[in-house]
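Chemist: I'm passing along start_39.cif; it holds mmCIF, C-alpha atoms and all ligand atoms.
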```cif
data_protein
#
loop_
_atom_site.label_atom_id
_atom_site.label_comp_id
_atom_site.auth_asym_id
_atom_site.auth_seq_id
_atom_site.Cartn_x
_atom_site.Cartn_y
_atom_site.Cartn_z
CA MET A 1 -20.41 -30.36 -29.11
CA GLY A 2 -19.17 -29.60 -25.57
CA GLU A 3 -17.37 -32.01 -23.26
CA PHE A 4 -20.48 -33.13 -21.40
CA ASP A 5 -22.62 -33.77 -24.53
CA LEU A 6 -19.72 -35.75 -25.99
CA ILE A 7 -19.51 -37.99 -22.90
CA LYS A 8 -23.28 -38.50 -22.95
CA GLN A 9 -23.40 -39.39 -26.64
CA TYR A 10 -20.43 -41.74 -26.88
CA PHE A 11 -19.53 -42.96 -23.42
CA THR A 12 -22.78 -43.50 -21.56
CA SER A 13 -22.46 -47.17 -20.81
CA GLN A 14 -24.84 -49.66 -19.37
CA ALA A 15 -23.42 -50.32 -15.92
CA PRO A 16 -24.80 -53.38 -14.10
CA GLN A 17 -28.12 -52.44 -12.54
CA GLN A 18 -26.99 -52.12 -8.94
CA ASP A 19 -23.90 -50.09 -9.92
CA LEU A 20 -23.51 -46.43 -10.89
CA GLY A 21 -21.81 -45.80 -14.24
CA PRO A 22 -20.54 -42.57 -15.85
CA GLY A 23 -22.11 -39.26 -14.83
CA ASP A 24 -21.16 -38.61 -11.21
CA ASP A 25 -17.93 -37.71 -9.41
CA CYS A 26 -17.18 -41.43 -9.01
CA ALA A 27 -18.58 -44.65 -10.34
CA LEU A 28 -19.94 -46.99 -7.65
CA ILE A 29 -19.21 -50.68 -8.07
CA HIS A 30 -20.63 -53.37 -5.81
CA VAL A 31 -18.01 -55.87 -4.68
CA GLY A 32 -19.40 -58.44 -2.27
CA THR A 33 -21.08 -56.50 0.51
CA GLU A 34 -19.04 -53.32 -0.16
CA ARG A 35 -19.21 -50.53 -2.70
CA LEU A 36 -16.07 -49.25 -4.40
CA ALA A 37 -16.05 -45.63 -5.53
CA VAL A 38 -13.74 -45.19 -8.53
CA THR A 39 -12.63 -42.04 -10.31
CA LYS A 40 -10.05 -41.06 -12.93
CA ASP A 41 -8.68 -37.68 -13.99
CA LEU A 42 -6.37 -36.74 -16.82
CA LEU A 43 -3.91 -33.83 -16.57
CA LEU A 44 -2.17 -32.50 -19.67
CA GLU A 45 0.81 -30.18 -19.87
CA GLY A 46 -0.22 -26.85 -21.37
CA ARG A 47 -3.86 -27.56 -20.67
CA HIS A 48 -4.07 -28.26 -16.94
CA PHE A 49 -0.62 -27.09 -15.83
CA PHE A 50 2.29 -24.97 -17.04
CA ALA A 51 5.32 -26.88 -18.36
CA ASP A 52 7.53 -25.22 -15.72
CA VAL A 53 5.26 -25.90 -12.72
CA ASP A 54 7.06 -27.10 -9.58
CA PRO A 55 7.05 -30.92 -10.02
CA TYR A 56 6.41 -31.55 -6.30
CA ARG A 57 3.24 -29.50 -6.58
CA LEU A 58 2.26 -31.25 -9.80
CA GLY A 59 2.57 -34.67 -8.17
CA HIS A 60 0.48 -33.44 -5.24
CA LYS A 61 -2.21 -31.99 -7.48
CA ALA A 62 -2.43 -35.05 -9.76
CA LEU A 63 -3.54 -37.12 -6.77
CA ALA A 64 -5.45 -34.32 -4.99
CA VAL A 65 -7.94 -33.81 -7.83
CA ASN A 66 -8.83 -37.50 -7.67
CA LEU A 67 -9.10 -37.60 -3.87
CA SER A 68 -11.42 -34.63 -4.24
CA ASP A 69 -13.80 -36.73 -6.37
CA LEU A 70 -13.74 -39.44 -3.68
CA ALA A 71 -14.53 -36.73 -1.11
CA ALA A 72 -17.51 -35.63 -3.21
CA MET A 73 -18.81 -39.22 -3.00
CA SER A 74 -18.21 -39.44 0.78
CA ALA A 75 -15.82 -42.31 0.07
CA GLN A 76 -12.86 -43.44 2.18
CA PRO A 77 -9.73 -43.60 -0.06
CA THR A 78 -8.11 -47.04 -0.39
CA ALA A 79 -5.73 -47.12 -3.35
CA CYS A 80 -4.51 -45.19 -6.38
CA PHE A 81 -2.89 -45.97 -9.75
CA LEU A 82 -0.64 -43.65 -11.73
CA GLY A 83 -0.41 -43.46 -15.54
CA LEU A 84 2.51 -41.24 -16.54
CA ALA A 85 3.89 -40.22 -19.93
CA ILE A 86 7.02 -38.03 -19.99
CA ALA A 87 9.41 -36.97 -22.75
CA GLN A 88 12.60 -37.74 -20.79
CA ALA A 89 13.40 -39.43 -17.50
CA GLN A 90 14.90 -36.51 -15.56
CA PRO A 91 15.80 -37.76 -12.05
CA ARG A 92 15.33 -34.39 -10.32
CA TRP A 93 11.91 -33.87 -11.84
CA LEU A 94 10.85 -37.46 -11.10
CA GLN A 95 12.14 -37.27 -7.53
CA ALA A 96 10.12 -34.15 -6.78
CA PHE A 97 7.00 -35.28 -8.67
CA SER A 98 6.89 -38.66 -6.95
CA GLN A 99 7.56 -37.04 -3.55
CA GLY A 100 4.58 -34.69 -3.98
CA PHE A 101 2.39 -37.61 -5.03
CA MET A 102 3.57 -39.97 -2.28
CA ASP A 103 3.36 -37.41 0.52
CA LEU A 104 -0.32 -36.86 -0.24
CA ALA A 105 -0.94 -40.59 -0.73
CA ARG A 106 0.51 -41.20 2.74
CA GLN A 107 -1.47 -38.34 4.28
CA PHE A 108 -4.72 -39.87 3.04
CA ASN A 109 -3.77 -43.50 3.51
CA CYS A 110 -4.22 -44.12 -0.20
CA PRO A 111 -1.15 -46.08 -1.35
CA LEU A 112 0.00 -46.19 -4.97
CA GLN A 113 -0.70 -49.77 -6.06
CA GLY A 114 0.05 -49.73 -9.78
CA GLY A 115 0.04 -47.74 -12.98
CA ASP A 116 1.80 -47.46 -16.32
CA THR A 117 4.73 -45.41 -17.64
CA CYS A 118 5.50 -44.39 -21.22
CA ALA A 119 7.70 -42.03 -23.20
CA SER A 120 5.69 -39.10 -24.55
CA GLN A 121 6.24 -36.93 -27.61
CA GLN A 122 3.66 -34.38 -26.46
CA GLY A 123 4.85 -33.21 -23.06
CA VAL A 124 3.75 -34.63 -19.72
CA ILE A 125 0.47 -36.56 -19.52
CA ILE A 126 -0.77 -37.77 -16.14
CA SER A 127 -3.73 -40.05 -15.57
CA VAL A 128 -4.56 -41.06 -12.02
CA THR A 129 -7.21 -43.55 -10.96
CA CYS A 130 -8.35 -43.54 -7.37
CA MET A 131 -10.63 -45.83 -5.47
CA GLY A 132 -12.31 -45.75 -2.11
CA THR A 133 -15.06 -47.46 -0.17
CA LEU A 134 -18.60 -46.44 0.62
CA PRO A 135 -20.56 -48.71 2.99
CA LEU A 136 -24.01 -49.80 1.87
CA THR A 137 -25.44 -48.13 4.98
CA VAL A 138 -24.51 -44.71 3.57
CA THR A 139 -26.77 -43.06 1.01
CA ALA A 140 -24.38 -41.93 -1.75
CA PRO A 141 -24.59 -38.13 -2.14
CA LEU A 142 -25.30 -38.37 -5.88
CA ARG A 143 -25.69 -35.35 -8.14
CA SER A 144 -29.31 -36.46 -8.51
CA GLY A 145 -30.04 -36.26 -4.76
CA ALA A 146 -30.94 -32.57 -4.28
CA GLN A 147 -34.42 -31.89 -2.92
CA VAL A 148 -36.56 -28.77 -3.17
CA GLY A 149 -36.10 -26.74 0.02
CA ASP A 150 -32.55 -28.00 0.65
CA ASP A 151 -29.89 -25.49 1.67
CA ILE A 152 -26.86 -25.21 -0.59
CA TRP A 153 -23.54 -25.27 1.26
CA LEU A 154 -19.97 -24.70 0.21
CA SER A 155 -16.69 -25.49 1.97
CA GLY A 156 -13.61 -23.26 1.85
CA GLN A 157 -13.19 -20.01 -0.03
CA LEU A 158 -13.65 -19.02 -3.65
CA GLY A 159 -11.51 -17.14 -6.14
CA GLY A 160 -7.93 -18.08 -5.16
CA ALA A 161 -7.17 -20.54 -7.96
CA HIS A 162 -8.68 -18.28 -10.64
CA LEU A 163 -6.74 -15.27 -9.41
CA ALA A 164 -3.48 -17.26 -9.30
CA LEU A 165 -4.05 -18.60 -12.82
CA THR A 166 -4.81 -15.10 -14.15
CA LEU A 167 -1.60 -13.75 -12.61
CA LEU A 168 0.53 -16.66 -13.89
CA GLN A 169 -0.86 -16.07 -17.40
CA LYS A 170 -0.14 -12.35 -17.02
CA ALA A 171 3.42 -13.15 -15.91
CA GLN A 172 3.99 -14.98 -19.21
CA GLN A 173 3.41 -11.71 -21.08
CA ALA A 174 5.37 -9.27 -18.89
CA PRO A 175 7.02 -9.17 -15.45
CA LEU A 176 4.51 -8.77 -12.60
CA SER A 177 4.36 -5.64 -10.46
CA ASP A 178 5.37 -6.04 -6.81
CA ARG A 179 1.73 -5.87 -5.81
CA ASP A 180 0.77 -8.64 -8.26
CA LYS A 181 3.69 -10.74 -7.01
CA GLN A 182 2.42 -10.42 -3.45
CA THR A 183 -1.10 -11.36 -4.49
CA LEU A 184 0.19 -14.37 -6.42
CA GLN A 185 2.14 -15.50 -3.40
CA ALA A 186 -1.01 -15.31 -1.28
CA CYS A 187 -3.21 -17.36 -3.60
CA ARG A 188 -0.84 -19.65 -5.50
CA ASP A 189 -1.33 -22.62 -3.14
CA ALA A 190 -5.05 -22.60 -3.95
CA LEU A 191 -4.16 -23.43 -7.56
CA GLU A 192 -1.12 -25.64 -7.11
CA LEU A 193 -1.56 -27.34 -3.74
CA PRO A 194 -5.29 -27.97 -3.38
CA GLN A 195 -6.27 -29.80 -0.18
CA PRO A 196 -8.91 -32.45 -0.95
CA GLN A 197 -11.80 -32.34 1.50
CA VAL A 198 -11.82 -36.06 2.27
CA ALA A 199 -12.45 -35.70 6.02
CA LEU A 200 -15.38 -33.36 5.40
CA GLY A 201 -16.78 -35.71 2.75
CA LEU A 202 -16.79 -38.52 5.33
CA GLN A 203 -18.40 -36.33 7.99
CA LEU A 204 -21.16 -35.41 5.57
CA ARG A 205 -22.23 -39.05 5.19
CA ASN A 206 -26.01 -39.26 5.50
CA ILE A 207 -26.23 -35.44 5.78
CA ALA A 208 -25.41 -34.28 2.24
CA HIS A 209 -28.24 -35.15 -0.17
CA ALA A 210 -26.26 -34.22 -3.29
CA MET A 211 -22.57 -33.31 -3.49
CA ILE A 212 -19.97 -32.30 -6.09
CA ASP A 213 -16.47 -30.86 -6.02
CA ILE A 214 -16.31 -27.59 -7.93
CA SER A 215 -13.35 -28.44 -10.12
CA ASP A 216 -14.95 -26.72 -13.13
CA GLY A 217 -16.47 -23.66 -11.43
CA LEU A 218 -19.35 -23.14 -9.00
CA LEU A 219 -22.08 -22.36 -11.54
CA GLN A 220 -21.18 -25.15 -13.95
CA ASP A 221 -20.78 -27.79 -11.25
CA LEU A 222 -23.88 -26.72 -9.31
CA ASN A 223 -25.71 -26.94 -12.64
CA HIS A 224 -24.72 -30.61 -12.86
CA ILE A 225 -26.53 -31.19 -9.55
CA LEU A 226 -29.56 -29.16 -10.69
CA GLN A 227 -29.90 -30.98 -13.99
CA ALA A 228 -29.45 -34.42 -12.46
CA SER A 229 -31.98 -33.59 -9.71
CA HIS A 230 -34.46 -31.73 -11.98
CA VAL A 231 -34.49 -28.67 -9.73
CA GLY A 232 -33.29 -25.05 -9.73
CA ALA A 233 -31.35 -22.92 -7.27
CA ARG A 234 -31.11 -19.44 -5.83
CA LEU A 235 -27.64 -18.21 -4.82
CA PHE A 236 -26.90 -15.16 -2.68
CA GLU A 237 -23.75 -13.33 -3.74
CA ALA A 238 -23.39 -11.78 -0.28
CA LYS A 239 -23.15 -15.26 1.28
CA LEU A 240 -20.30 -16.46 -0.93
CA PRO A 241 -16.96 -16.96 0.85
CA VAL A 242 -14.61 -14.80 -1.23
CA ILE A 243 -10.84 -14.63 -0.60
CA PRO A 244 -9.71 -11.28 0.88
CA GLU A 245 -7.54 -10.50 -2.19
CA LEU A 246 -10.69 -10.28 -4.33
CA GLN A 247 -12.93 -8.31 -2.03
CA THR A 248 -11.91 -4.95 -3.50
CA ALA A 249 -11.55 -6.21 -7.09
CA GLU A 250 -13.66 -4.88 -9.94
CA THR A 251 -17.13 -6.50 -9.88
CA ALA A 252 -16.94 -8.23 -13.28
CA PHE A 253 -13.57 -9.85 -12.51
CA ARG A 254 -14.59 -10.83 -8.99
CA ARG A 255 -17.80 -12.43 -10.22
CA GLN A 256 -15.98 -14.33 -12.94
CA ALA A 257 -13.43 -15.64 -10.40
CA VAL A 258 -16.02 -16.58 -7.82
CA PHE A 259 -18.85 -18.03 -9.94
CA ASN A 260 -16.93 -19.46 -12.89
CA GLY A 261 -13.35 -19.96 -11.66
CA GLY A 262 -12.35 -23.63 -11.73
CA ASP A 263 -9.78 -25.75 -9.87
CA VAL A 264 -11.43 -25.11 -6.50
CA TYR A 265 -11.60 -28.68 -5.06
CA GLN A 266 -14.01 -27.64 -2.35
CA LEU A 267 -17.32 -29.39 -1.79
CA CYS A 268 -20.66 -27.97 -2.80
CA PHE A 269 -23.54 -29.91 -1.28
CA THR A 270 -27.21 -29.71 -0.44
CA ALA A 271 -28.72 -30.64 2.92
CA ALA A 272 -32.06 -30.38 4.71
CA ALA A 273 -32.73 -27.11 6.55
CA HIS A 274 -33.12 -29.06 9.83
CA ASP A 275 -29.45 -30.06 9.56
CA ARG A 276 -28.26 -26.44 9.83
CA PRO A 277 -27.30 -26.68 13.53
CA LYS A 278 -25.47 -29.96 12.89
CA LEU A 279 -23.47 -28.40 10.04
CA GLU A 280 -22.69 -25.24 11.97
CA ALA A 281 -21.41 -27.36 14.87
CA LEU A 282 -19.38 -29.52 12.50
CA ALA A 283 -17.73 -26.43 10.98
CA GLN A 284 -16.91 -25.05 14.40
CA ALA A 285 -15.56 -28.30 15.82
CA ASN A 286 -13.27 -28.79 12.83
CA GLN A 287 -12.39 -25.13 12.29
CA LEU A 288 -13.73 -25.33 8.75
CA HIS A 289 -15.20 -22.68 6.51
CA LEU A 290 -18.75 -23.82 5.71
CA SER A 291 -21.02 -21.27 4.05
CA ARG A 292 -24.74 -21.58 3.40
CA ILE A 293 -24.93 -19.89 0.01
CA GLY A 294 -28.44 -20.53 -1.27
CA SER A 295 -31.32 -22.93 -1.61
CA ILE A 296 -32.80 -25.50 -3.97
CA MET A 297 -35.99 -24.36 -5.74
CA THR A 298 -38.65 -25.93 -7.96
CA SER A 299 -37.59 -23.63 -10.83
CA SER A 300 -34.85 -24.58 -13.28
CA GLY A 301 -31.43 -22.95 -13.65
CA ILE A 302 -29.66 -20.69 -11.17
CA GLU A 303 -31.05 -17.38 -9.97
CA LEU A 304 -28.31 -15.05 -8.73
CA ILE A 305 -29.13 -12.40 -6.12
CA ASP A 306 -26.76 -9.50 -5.43
CA GLN A 307 -26.00 -7.68 -2.14
CA HIS A 308 -29.06 -5.45 -2.59
CA GLY A 309 -31.49 -8.31 -3.16
CA GLN A 310 -31.61 -7.72 -6.92
CA ALA A 311 -31.39 -10.56 -9.42
CA PHE A 312 -28.50 -10.39 -11.88
CA GLU A 313 -27.33 -12.42 -14.86
CA LEU A 314 -23.98 -14.10 -15.36
CA ALA A 315 -23.13 -16.54 -18.15
CA VAL A 316 -21.96 -19.99 -17.06
CA SER A 317 -18.44 -20.24 -18.46
CA GLY A 318 -16.72 -22.86 -16.33
CA PHE A 319 -14.18 -25.28 -17.72
CA ASN A 320 -15.56 -27.30 -20.66
CA HIS A 321 -13.19 -28.98 -23.12
CA PHE A 322 -14.18 -28.60 -26.81
CA LYS A 323 -16.49 -25.65 -26.12
P1 LIG A 401 -15.23 -34.68 -12.58
O1 LIG A 401 -15.12 -33.21 -12.90
O2 LIG A 401 -15.93 -34.97 -11.31
O3 LIG A 401 -13.90 -35.40 -12.71
P2 LIG A 401 -16.17 -34.91 -15.26
O4 LIG A 401 -17.00 -33.70 -15.45
O5 LIG A 401 -14.76 -34.91 -15.77
O6 LIG A 401 -16.17 -35.31 -13.71
O7 LIG A 401 -16.90 -36.16 -15.92
C1 LIG A 401 -18.29 -36.32 -15.75
C2 LIG A 401 -18.64 -37.82 -15.80
O8 LIG A 401 -18.35 -38.35 -17.08
C3 LIG A 401 -17.86 -38.68 -14.80
O9 LIG A 401 -18.76 -39.61 -14.23
C4 LIG A 401 -16.83 -39.38 -15.66
O10 LIG A 401 -16.47 -40.64 -15.12
C5 LIG A 401 -17.56 -39.53 -16.98
N1 LIG A 401 -16.64 -39.61 -18.13
C6 LIG A 401 -15.83 -38.63 -18.60
N2 LIG A 401 -15.13 -39.04 -19.69
C7 LIG A 401 -15.49 -40.32 -19.90
C8 LIG A 401 -15.13 -41.33 -20.86
N3 LIG A 401 -14.24 -41.07 -21.83
N4 LIG A 401 -15.72 -42.55 -20.77
C9 LIG A 401 -16.63 -42.81 -19.79
N5 LIG A 401 -17.03 -41.92 -18.88
C10 LIG A 401 -16.47 -40.69 -18.91
MG MG A 402 -15.76 -33.93 -9.49
#
```
Kindly transcribe the structure held in the file into structure tokens.
Modeler:
Amino acid sequence: MGEFDLIKQYFTSQAPQQDLGPGDDCALIHVGTERLAVTKDLLLEGRHFFADVDPYRLGHKALAVNLSDLAAMSAQPTACFLGLAIAQAQPRWLQAFSQGFMDLARQFNCPLQGGDTCASQQGVIISVTCMGTLPLTVTAPLRSGAQVGDDIWLSGQLGGAHLALTLLQKAQQAPLSDRDKQTLQACRDALELPQPQVALGLQLRNIAHAMIDISDGLLQDLNHILQASHVGARLFEAKLPVIPELQTAETAFRRQAVFNGGDVYQLCFTAAAHDRPKLEALAQANQLHLSRIGSIMTSSGIELIDQHGQAFELAVSGFNHFK
């Protein structure tokens, strides 16, 4: 049983009718005349981060991955809560971790308003809950909102986090070559200091039909949209925004990094073809990378098209606990 079947079988709850329960990037809870978007992510030492990761960066990332889910719901961040379990209270580590967390919280106007702290016997465990608002006048860009004929868009660039992770794993076996060190330096921020696309998420209100952040890899996360919307997709490899460090890499590795690499925290969304000029103008005005990478089809699954217009196969192997 994979992660997503497990959630479906045991934790599909009956949310009140007007609300949105488990299954999307955030839950949506009606409070008076407002909607609260709420999300929670768990980060485990050895699973989501190396034990010796820079604590400032860890604090940043723990909040960033949650803000990214708010961005994918077009929500405006309002508050966050921090659950933290650590083996020992080391002041230097705590100082840096909290600084990384607080700096990002300040940047996004999302103050820390509570949490819980425990001693851990299993390394560091971090659980952050984030909430934001989504006015009733905005159609939530749910995973189920994609429509046949929509364009598929992607913000940012692909491959950096996967390449950095691969190099950090390699460095645990043997010292890196100078060339690998340089490459790691160029792409390490993508893995350790992801910038949540909150501003873009807000600008896409009432433009994006369906939206997700690709924390678990492009193919796997796009598949969540396709399954929820009962549609298929065609993706053009030549249109994918690939980081320069991967452009000369071996095809199999590049494809794995680009299509299945996780920890991206960019937004993948679908929008009507008539909104192309609006999106191109938005990208230009904000100096953003926005790539139109494919379209939504009546078929099911994802059809991948290479540079020569030929279809090719690639297994979906994004992040899935228990699989
Ligand atoms: P994301 O990658 O956007 O954080 P996930 O893939 O982790 O989302 O989770 C998919 C959906 O399943 C989310 O709506 C999440 O809230 C829900 N979910 C995950 N674990 C649980 C759980 N233990 N109980 C209830 N809902 C859960
Ligand atoms: Mg998400």
Chemist: Around ligand MG 402 (chain A), which protein and nucleic acid residues have at least one atom no more than 6 Å from it, if we count only C-alpha atoms and all ligand atoms? List them as a list in words.
Modeler: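 Protein and nucleic-acid residues within 6 Å of ligand MG 402 (chain A): Asp25, Asp69, Ile212 and Asp213 of chain A.
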Chemist: As a quick test: using all atoms listed in the file, which residues lie no more than 6 Å away from ligand LIG 401 (chain A)? Give them as a PyMOL selection string.
Modeler: chain A and resi 7+11+22-26+41+69+215
Chemist: For Ile29 of chain A, please output as a list in words all residues within 10 Å (counting only C-alpha atoms; exclusion window: fewer than 3 positions along the same chain).
Modeler: Ala15, Pro16, Gln18, Asp19, Leu20, Gly21, Cys26, Gly32, Glu34, Arg35, Leu36, Ala37, Val38, Thr133 and Leu134 of chain A
Chemist: Point out the residue among A:Met131, A:Ala238, A:Leu63, A:Ala257 with the least atom-to-atom distance to Gln99 of chain A, counting only C-alpha atoms.
Modeler: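 Closest residue, counting only C-alpha atoms: A:Leu63.
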Chemist: Using only C-alpha atoms, which residue out of A:Ala87, A:Pro55, A:Met297, A:Ser127 lies closest to Val231 of chain A?
Modeler: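 Checking each of A:Ala87, A:Pro55, A:Met297, A:Ser127 against Val231 of chain A, counting only C-alpha atoms, the winner is A:Met297.
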Chemist: Quick one: distance from atom CA of Asp116 of chain A to atom CA of His30 of chain A in Å, one decimal?
Modeler: 25.5 Å
Chemist: Quick one: pull the distance between atom CA of Asn109 of chain A and atom CA of Phe97 of chain A, Å, one decimal.
Modeler: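 The value is 18.2 Å.
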Chemist: When you count all atoms listed in the file, which of these residues is closest to Arg143 of chain A: A:Ser229, A:Gln266, A:Gln17, A:Ser291?
Modeler: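 Using all atoms listed in the file, the shortest distance to Arg143 of chain A belongs to A:Ser229.
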Chemist: Keeping N, CA and C atoms, write segment 225-236 of chain A of the structure just shown out as an mmCIF file, in the first residue's frame.
Modeler:
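Resulting contents of part-v8.cif:
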```cif
data_model
loop_
_atom_site.group_PDB
_atom_site.id
_atom_site.type_symbol
_atom_site.label_atom_id
_atom_site.label_comp_id
_atom_site.auth_asym_id
_atom_site.auth_seq_id
_atom_site.Cartn_x
_atom_site.Cartn_y
_atom_site.Cartn_z
ATOM 1 N N ILE A 225 -3.548 15.963 -10.137
ATOM 2 C CA ILE A 225 -4.521 16.838 -10.805
ATOM 3 C C ILE A 225 -5.336 16.030 -11.821
ATOM 4 N N LEU A 226 -4.649 15.209 -12.621
ATOM 5 C CA LEU A 226 -5.335 14.460 -13.682
ATOM 6 C C LEU A 226 -6.367 13.500 -13.099
ATOM 7 N N GLN A 227 -5.984 12.806 -12.028
ATOM 8 C CA GLN A 227 -6.917 11.840 -11.442
ATOM 9 C C GLN A 227 -8.105 12.546 -10.809
ATOM 10 N N ALA A 228 -7.828 13.650 -10.107
ATOM 11 C CA ALA A 228 -8.934 14.366 -9.453
ATOM 12 C C ALA A 228 -9.859 15.002 -10.487
ATOM 13 N N SER A 229 -9.318 15.355 -11.660
ATOM 14 C CA SER A 229 -10.117 16.045 -12.685
ATOM 15 C C SER A 229 -10.647 15.086 -13.753
ATOM 16 N N HIS A 230 -10.267 13.811 -13.668
ATOM 17 C CA HIS A 230 -10.685 12.796 -14.660
ATOM 18 C C HIS A 230 -10.301 13.194 -16.081
ATOM 19 N N VAL A 231 -9.047 13.590 -16.240
ATOM 20 C CA VAL A 231 -8.534 13.988 -17.557
ATOM 21 C C VAL A 231 -7.122 13.428 -17.732
ATOM 22 N N GLY A 232 -6.549 13.634 -18.912
ATOM 23 C CA GLY A 232 -5.166 13.239 -19.176
ATOM 24 C C GLY A 232 -4.357 14.469 -19.566
ATOM 25 N N ALA A 233 -3.078 14.244 -19.901
ATOM 26 C CA ALA A 233 -2.234 15.383 -20.264
ATOM 27 C C ALA A 233 -1.198 14.969 -21.298
ATOM 28 N N ARG A 234 -0.767 15.950 -22.069
ATOM 29 C CA ARG A 234 0.383 15.770 -22.956
ATOM 30 C C ARG A 234 1.436 16.787 -22.525
ATOM 31 N N LEU A 235 2.669 16.313 -22.318
ATOM 32 C CA LEU A 235 3.763 17.200 -21.906
ATOM 33 C C LEU A 235 4.855 17.195 -22.966
ATOM 34 N N PHE A 236 5.393 18.359 -23.266
ATOM 35 C CA PHE A 236 6.457 18.487 -24.260
ATOM 36 C C PHE A 236 7.796 18.689 -23.559
#
```
